[in-house]
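Read through the structure below, which is laid out as structure tokens, and then see the notes.
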Amino acid sequence: MGYLRVYTGEVSEPHCPRALADSVHMAYVEENGQEFPLNQGYGILYAEAKIRPDDTIAPRGIRDPRILSLDKGYGVLARPADPEGNPVGEELILWRTEDFLRFWQESAVPGEWQQAYDRAGQQLDISPEQWEKIRSRWAVQPRTELKKVEFPLAVGWADPVIFHWEGKWYFLATNDNNNNIGLFIRESDSVAGLFEVGAEPYRILDYDEGKEFIQTFWAPEFHVIGGRAYILFAVGGRQWAPQCHMMRLKEGGRLTDPGDWEVPVRVCRQDGSFLTESGISLDMTYFKAGGKSYLVWSYRYGIGTAADTGSMLYIATTDETRPWVLTSEPVLLSRPLYGWENQRGTINNEGPYPLLLEDKVYLAYSGGGACDPTYAVGYLVADQKDDLLDVGNWYKEPAAMLHRGSIEGIEGPGHNSFFRDENGELMIAYHAQERDKYNMRCTTFHRVYISEQGLPLLHLPL
């Protein structure tokens with residue numbers, strides 16, 4: 001019989017700021033004292049931030065976590081803390097769980113929970129059967145050898161998307177080498193060929209003052225919608241304010257020929273107005289589930305000011321015949337309320353990308369700073385058959401699924417996409433930085449491992 005131990009992390013700038021350290025960490029300790037940190041030593045449970053009356057975010061951490069058995073399942077209790085690590089208020093934070101695989105957070109009134117907190121300790125005995133389930137989700141490697149990730153594959157290319165179309169392989173990404181000016185695409189007969197020395201990108205959309213395509217050509221994604229090929233991306237005009245756009249390939253056109261693409265159009269609401277007139281919109285993605293077409297994107301207001309809302313994920317339905325027009329009102333899906341999403345003022349939920357497996361939608365997204373060691377990837381999960389405009393049908397994983405502790409020698413992994421390679425293996429592509437060598441975002445990819453519970457784990461390259 002071993003036990004689970006709960007604790008907080010050690011602050012170590014710049015890689016583990018207080019927002020990361022002040023979270024519930026867990027480790028499994030065997031009878032012989034050998035300890036296995038869960039989630040590769042990264043925090044698992046984070047206190048949800050409070051929303052101020054002006055719609056800005058007041059971040060919170062935790063202190064002194066305790067673990068206990070409840071009448072049904074288990075609980076983790078902790079005291080909330082301010083961004084400097086000082087305990088605040090009288091209430092406690094409670095996370096309920098049945099199996100330590102999923103957690104639900106709530107406030108715990110001290111009068112009802114103080115005695116339970118006082119009785120609880122920092123460890124809880126668990127059976128070998130419980131540990132095996134926890135292990136497959138949170139702990140060490142699966143019973144197979146891990147491969148070394150080849151990195152970097154493309155220096156200065158971020159937000160990567162790799163896909164197959166009409167017998168060829170293609171690579172789309174934000175071109176940091178070109179100050180994010182223009183959209184570029186690579187073509188090859190194989191995935192490996194996309195990253196060979198001398199693989200030249202084709203410029204398919206250029207700087208154009210007349211059309212106000214001037215800056216922030218960000219995060220291009222390829223999608224087939226209603227049988228037609230589209231690229232979804234953000235671009236800004238003279239004033240810095242990137243906005244979601246789409247451009248469609250002409251019938252019979254080639255992806256690499258700029259003349260074969262229709263003029264990009266800005267995504268708009270049902271009434272024809274733009275997604276926003278006072279903020280920025282970016283990182284739009286598309287998927288179809290339960291017979292409905294959905295768009296998800298990131299929106300932010302007041303960036304760089306005291307009114308900064310942080311970037312938030314919104315979802316809406318659309319029609320395959322005119323996907324640049326929403327067919328529902330936008331619904332707020334997620335805000336960066338967890339410490340791993342909110343680092344040193346980089347308050348981000350961005351880069352959403354869907355993965356449909358079995359009957360689930362796994363919506364990966366990134367949090368923290370896109371050029372920061374703490375950039376990481378998390379999940380929102382829902383059943384495909386459900387109404388995905390109902391936020392109550394989504395489960396938000398509390399912990400990052402891919403982070404600086406996941407892949408040896410790599411930090412700041414994020415803004416990912418998924419694809420299946422020539423052998424049908426599921427892959428995740430993302431950008432990251434190599435420690436102590438590059439200061440630019442660089443592309444790589446590795447295989448995705450599926451846990452015994454069917455969850456795609458992003459931190460185990462096979």
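Going by the structure tokens order, chains are called A, B, ..., each with residues numbered from 1, while ligands are numbered from 1 in the order shown.
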
Hey, what's within 6 Å of stretch 156-164 of chain A if we count only C-alpha atoms and toss same-chain stuff fewer than 5 positions away? As a list in words, please?
->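 Final neighbour list, sorted by chain and number: Trp169, Tyr170, Phe171, Leu172, Ala173, Thr174, Asn175, Asp176, Asn177, Ala219, His415, Ser417, Tyr430, His431, Met440, Arg441, Cys442 and Thr443 of chain A.
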
Identify, on the basis of only C-alpha atoms, every residue whose closest approach to A:Met1 does not exceed 7 Å; exclude the query and any residue fewer than 2 positions from it along the same chain; express the result as a list of chain:residue names.
-> A:Tyr3, A:Glu31, A:Asp125, A:Ile126, A:Ser127, A:Pro128

Check the DSSP output for the backbone and give back, as number ranges by chain, the residues of stretch 112-159 of chain A in strand (DSSP E or B).
-> A: 121, 123-126, 154-155, 157-159

Same residues, C-alpha atoms, output as a CSV table (one decimal), in the first residue's frame:
```
chain,number,residue,atom,x,y,z
A,121,GLY,CA,-3.2,15.5,6.4
A,123,GLN,CA,-1.1,12.2,2.5
A,124,LEU,CA,-3.8,9.5,1.8
A,125,ASP,CA,-3.4,5.8,1.5
A,126,ILE,CA,-4.5,4.3,-1.8
A,154,ALA,CA,11.7,24.6,-38.5
A,155,VAL,CA,13.4,27.5,-36.7
A,157,TRP,CA,8.0,29.0,-37.5
A,158,ALA,CA,5.2,29.0,-34.9
A,159,ASP,CA,1.6,27.8,-34.6
```

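Restricting the calculation to only C-alpha atoms, the smallest distance between A:Asp189 and any of A:Glu452, A:Gly405, A:Glu422, A:Pro65 is found for A:Glu422.
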
Taking only C-alpha atoms into account, which of A:Tyr299, A:Phe222, A:Tyr42, A:Tyr449 comes nearest A:Leu255?
->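 Answer, going by the shortest atom-to-atom distance: A:Phe222.
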
Extract, using only C-alpha atoms, all DNA, RNA and protein residues at most 12 Å from A:Glu48, discarding same-chain residues fewer than 4 positions from it, and format them as an NGL selection string.
-> :A and (19 or 22-23 or 57-62 or 80-82 or 93-95 or 104-107 or 334-342 or 396 or 398-399)

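The nearest approach to A:Arg420 among the residues A:Gly75, A:Asp383, A:Val191, A:Pro461, with only C-alpha atoms taken into account, belongs to A:Val191.
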
Tell me which protein, DNA and RNA residues are within 8 Å of stretch 276-281 of chain A, counting only C-alpha atoms, leaving out same-chain ones fewer than 4 positions away, and put them as a ChimeraX atom specification.
-> /A:234,241-244,297-302

Exercise: stretch 362-372 of chain A partners within 8 Å, only C-alpha atoms, chain neighbours under 6 positions left out, as a PyMOL selection string | chain A and resi 336+340-343+346-356+378-382+412+414-416+440-441

For A:Glu358: contacts at 12 Å, only C-alpha atoms, fewer than 5 positions along chain excluded, given as a short mmCIF file (atom, residue, chain, number, x, y, z; two decimals) with N, CA, C and O atoms, in the first residue's frame:
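Once everything was written out, this is part-v5.cif:
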```
data_model
loop_
_atom_site.label_atom_id
_atom_site.label_comp_id
_atom_site.auth_asym_id
_atom_site.auth_seq_id
_atom_site.Cartn_x
_atom_site.Cartn_y
_atom_site.Cartn_z
N ALA A 289 -19.24 18.30 -35.32
CA ALA A 289 -19.58 17.25 -34.37
C ALA A 289 -21.08 17.21 -34.18
O ALA A 289 -21.74 18.26 -34.16
N ALA A 382 -15.68 17.36 -24.31
CA ALA A 382 -17.13 17.24 -24.36
C ALA A 382 -17.52 16.02 -25.18
O ALA A 382 -16.71 15.48 -25.95
N ASP A 383 -18.78 15.57 -25.02
CA ASP A 383 -19.32 14.51 -25.86
C ASP A 383 -19.79 15.11 -27.18
O ASP A 383 -20.50 16.14 -27.19
N GLN A 384 -19.47 14.47 -28.29
CA GLN A 384 -19.83 15.01 -29.60
C GLN A 384 -21.33 15.17 -29.78
O GLN A 384 -21.79 16.09 -30.46
N LYS A 385 -22.11 14.30 -29.15
CA LYS A 385 -23.55 14.34 -29.35
C LYS A 385 -24.23 15.48 -28.61
O LYS A 385 -25.38 15.82 -28.89
N ILE A 450 -2.46 7.28 -26.22
CA ILE A 450 -3.83 7.23 -25.70
C ILE A 450 -3.82 6.40 -24.41
O ILE A 450 -3.37 5.25 -24.41
N GLN A 453 -7.83 5.06 -20.23
CA GLN A 453 -9.17 5.67 -20.15
C GLN A 453 -9.58 6.34 -21.46
O GLN A 453 -10.65 6.95 -21.53
N GLY A 454 -8.74 6.24 -22.50
CA GLY A 454 -9.07 6.83 -23.80
C GLY A 454 -8.67 8.27 -23.95
O GLY A 454 -9.00 8.91 -24.94
N LEU A 455 -7.93 8.81 -22.97
CA LEU A 455 -7.52 10.22 -23.02
C LEU A 455 -6.24 10.37 -23.82
O LEU A 455 -5.25 9.68 -23.54
N PRO A 456 -6.21 11.24 -24.82
CA PRO A 456 -4.97 11.48 -25.55
C PRO A 456 -3.98 12.27 -24.69
O PRO A 456 -4.22 13.42 -24.35
#
```

Surrounding residues of A:Gln215 excluding itself and chain neighbours under 6 positions, 10 Å, only C-alpha atoms, as a list in words = Asn179, Asn180, Ile181, Gly182, Tyr207, Asp208, Glu209, Ala234, Val235, Gly236, Gly237, Arg238, Gln239, Trp240, Ala241 and Pro242 of chain A

Please return, as a PDB file with N, CA and C atoms, in the first residue's frame, all residues of stretch 121-346 of chain A that DSSP assigns to helix (DSSP H, G or I) on the basis of the backbone.
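Generated file (states-v6.pdb):
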```pdb
ATOM      1  N   PRO A 128      -3.254  -0.474  -4.639  1.00  0.00           N
ATOM      2  CA  PRO A 128      -2.517  -0.670  -5.902  1.00  0.00           C
ATOM      3  C   PRO A 128      -3.406  -0.513  -7.124  1.00  0.00           C
ATOM      4  N   GLU A 129      -4.678  -0.931  -7.003  1.00  0.00           N
ATOM      5  CA  GLU A 129      -5.604  -0.790  -8.142  1.00  0.00           C
ATOM      6  C   GLU A 129      -5.863   0.685  -8.436  1.00  0.00           C
ATOM      7  N   GLN A 130      -6.050   1.501  -7.399  1.00  0.00           N
ATOM      8  CA  GLN A 130      -6.242   2.933  -7.602  1.00  0.00           C
ATOM      9  C   GLN A 130      -4.993   3.559  -8.221  1.00  0.00           C
ATOM     10  N   TRP A 131      -3.833   3.137  -7.733  1.00  0.00           N
ATOM     11  CA  TRP A 131      -2.595   3.704  -8.252  1.00  0.00           C
ATOM     12  C   TRP A 131      -2.400   3.403  -9.732  1.00  0.00           C
ATOM     13  N   GLU A 132      -2.776   2.229 -10.182  1.00  0.00           N
ATOM     14  CA  GLU A 132      -2.606   1.902 -11.594  1.00  0.00           C
ATOM     15  C   GLU A 132      -3.428   2.830 -12.484  1.00  0.00           C
ATOM     16  N   LYS A 133      -4.654   3.173 -12.058  1.00  0.00           N
ATOM     17  CA  LYS A 133      -5.469   4.113 -12.839  1.00  0.00           C
ATOM     18  C   LYS A 133      -4.857   5.506 -12.822  1.00  0.00           C
ATOM     19  N   ILE A 134      -4.416   5.932 -11.644  1.00  0.00           N
ATOM     20  CA  ILE A 134      -3.797   7.249 -11.530  1.00  0.00           C
ATOM     21  C   ILE A 134      -2.516   7.298 -12.352  1.00  0.00           C
ATOM     22  N   ARG A 135      -1.759   6.227 -12.273  1.00  0.00           N
ATOM     23  CA  ARG A 135      -0.487   6.145 -12.995  1.00  0.00           C
ATOM     24  C   ARG A 135      -0.691   6.329 -14.494  1.00  0.00           C
ATOM     25  N   SER A 136      -1.718   5.684 -15.054  1.00  0.00           N
ATOM     26  CA  SER A 136      -1.925   5.738 -16.500  1.00  0.00           C
ATOM     27  C   SER A 136      -2.301   7.137 -16.967  1.00  0.00           C
ATOM     28  N   ARG A 137      -2.816   7.955 -16.049  1.00  0.00           N
ATOM     29  CA  ARG A 137      -3.204   9.322 -16.413  1.00  0.00           C
ATOM     30  C   ARG A 137      -2.137  10.363 -16.067  1.00  0.00           C
ATOM     31  N   TRP A 138      -1.584  10.279 -14.870  1.00  0.00           N
ATOM     32  CA  TRP A 138      -0.786  11.380 -14.346  1.00  0.00           C
ATOM     33  C   TRP A 138       0.701  11.084 -14.179  1.00  0.00           C
ATOM     34  N   ASP A 176       7.754  33.734 -37.994  1.00  0.00           N
ATOM     35  CA  ASP A 176       8.455  34.691 -37.134  1.00  0.00           C
ATOM     36  C   ASP A 176       9.690  35.273 -37.807  1.00  0.00           C
ATOM     37  N   ASN A 177      10.268  34.545 -38.748  1.00  0.00           N
ATOM     38  CA  ASN A 177      11.461  35.029 -39.439  1.00  0.00           C
ATOM     39  C   ASN A 177      11.163  36.231 -40.318  1.00  0.00           C
ATOM     40  N   ASN A 178       9.913  36.395 -40.689  1.00  0.00           N
ATOM     41  CA  ASN A 178       9.508  37.454 -41.613  1.00  0.00           C
ATOM     42  C   ASN A 178       8.643  38.490 -40.904  1.00  0.00           C
ATOM     43  N   ALA A 192       8.298  14.166 -43.682  1.00  0.00           N
ATOM     44  CA  ALA A 192       9.707  14.490 -43.479  1.00  0.00           C
ATOM     45  C   ALA A 192      10.208  15.490 -44.508  1.00  0.00           C
ATOM     46  N   GLY A 193       9.699  15.373 -45.728  1.00  0.00           N
ATOM     47  CA  GLY A 193      10.138  16.277 -46.782  1.00  0.00           C
ATOM     48  C   GLY A 193       9.798  17.731 -46.530  1.00  0.00           C
ATOM     49  N   LEU A 194       8.785  17.976 -45.708  1.00  0.00           N
ATOM     50  CA  LEU A 194       8.417  19.354 -45.387  1.00  0.00           C
ATOM     51  C   LEU A 194       9.519  20.076 -44.629  1.00  0.00           C
ATOM     52  N   PHE A 195      10.413  19.295 -43.995  1.00  0.00           N
ATOM     53  CA  PHE A 195      11.413  19.892 -43.114  1.00  0.00           C
ATOM     54  C   PHE A 195      12.840  19.595 -43.562  1.00  0.00           C
ATOM     55  N   PRO A 258      -0.846  31.562 -55.213  1.00  0.00           N
ATOM     56  CA  PRO A 258      -1.603  32.661 -54.596  1.00  0.00           C
ATOM     57  C   PRO A 258      -2.787  33.107 -55.442  1.00  0.00           C
ATOM     58  N   GLY A 259      -2.695  32.951 -56.763  1.00  0.00           N
ATOM     59  CA  GLY A 259      -3.795  33.342 -57.638  1.00  0.00           C
ATOM     60  C   GLY A 259      -4.988  32.419 -57.568  1.00  0.00           C
ATOM     61  N   ASP A 260      -4.828  31.257 -56.935  1.00  0.00           N
ATOM     62  CA  ASP A 260      -5.922  30.288 -56.826  1.00  0.00           C
ATOM     63  C   ASP A 260      -6.729  30.450 -55.539  1.00  0.00           C
ATOM     64  N   GLY A 339      -3.706  29.276 -12.705  1.00  0.00           N
ATOM     65  CA  GLY A 339      -2.374  29.858 -12.657  1.00  0.00           C
ATOM     66  C   GLY A 339      -1.509  29.521 -13.849  1.00  0.00           C
ATOM     67  N   TRP A 340      -1.631  28.316 -14.402  1.00  0.00           N
ATOM     68  CA  TRP A 340      -0.783  27.967 -15.546  1.00  0.00           C
ATOM     69  C   TRP A 340      -1.186  28.717 -16.813  1.00  0.00           C
ATOM     70  N   GLU A 341      -2.410  29.263 -16.823  1.00  0.00           N
ATOM     71  CA  GLU A 341      -2.881  30.039 -17.975  1.00  0.00           C
ATOM     72  C   GLU A 341      -2.551  31.521 -17.839  1.00  0.00           C
TER      73      GLU A 341
END
```
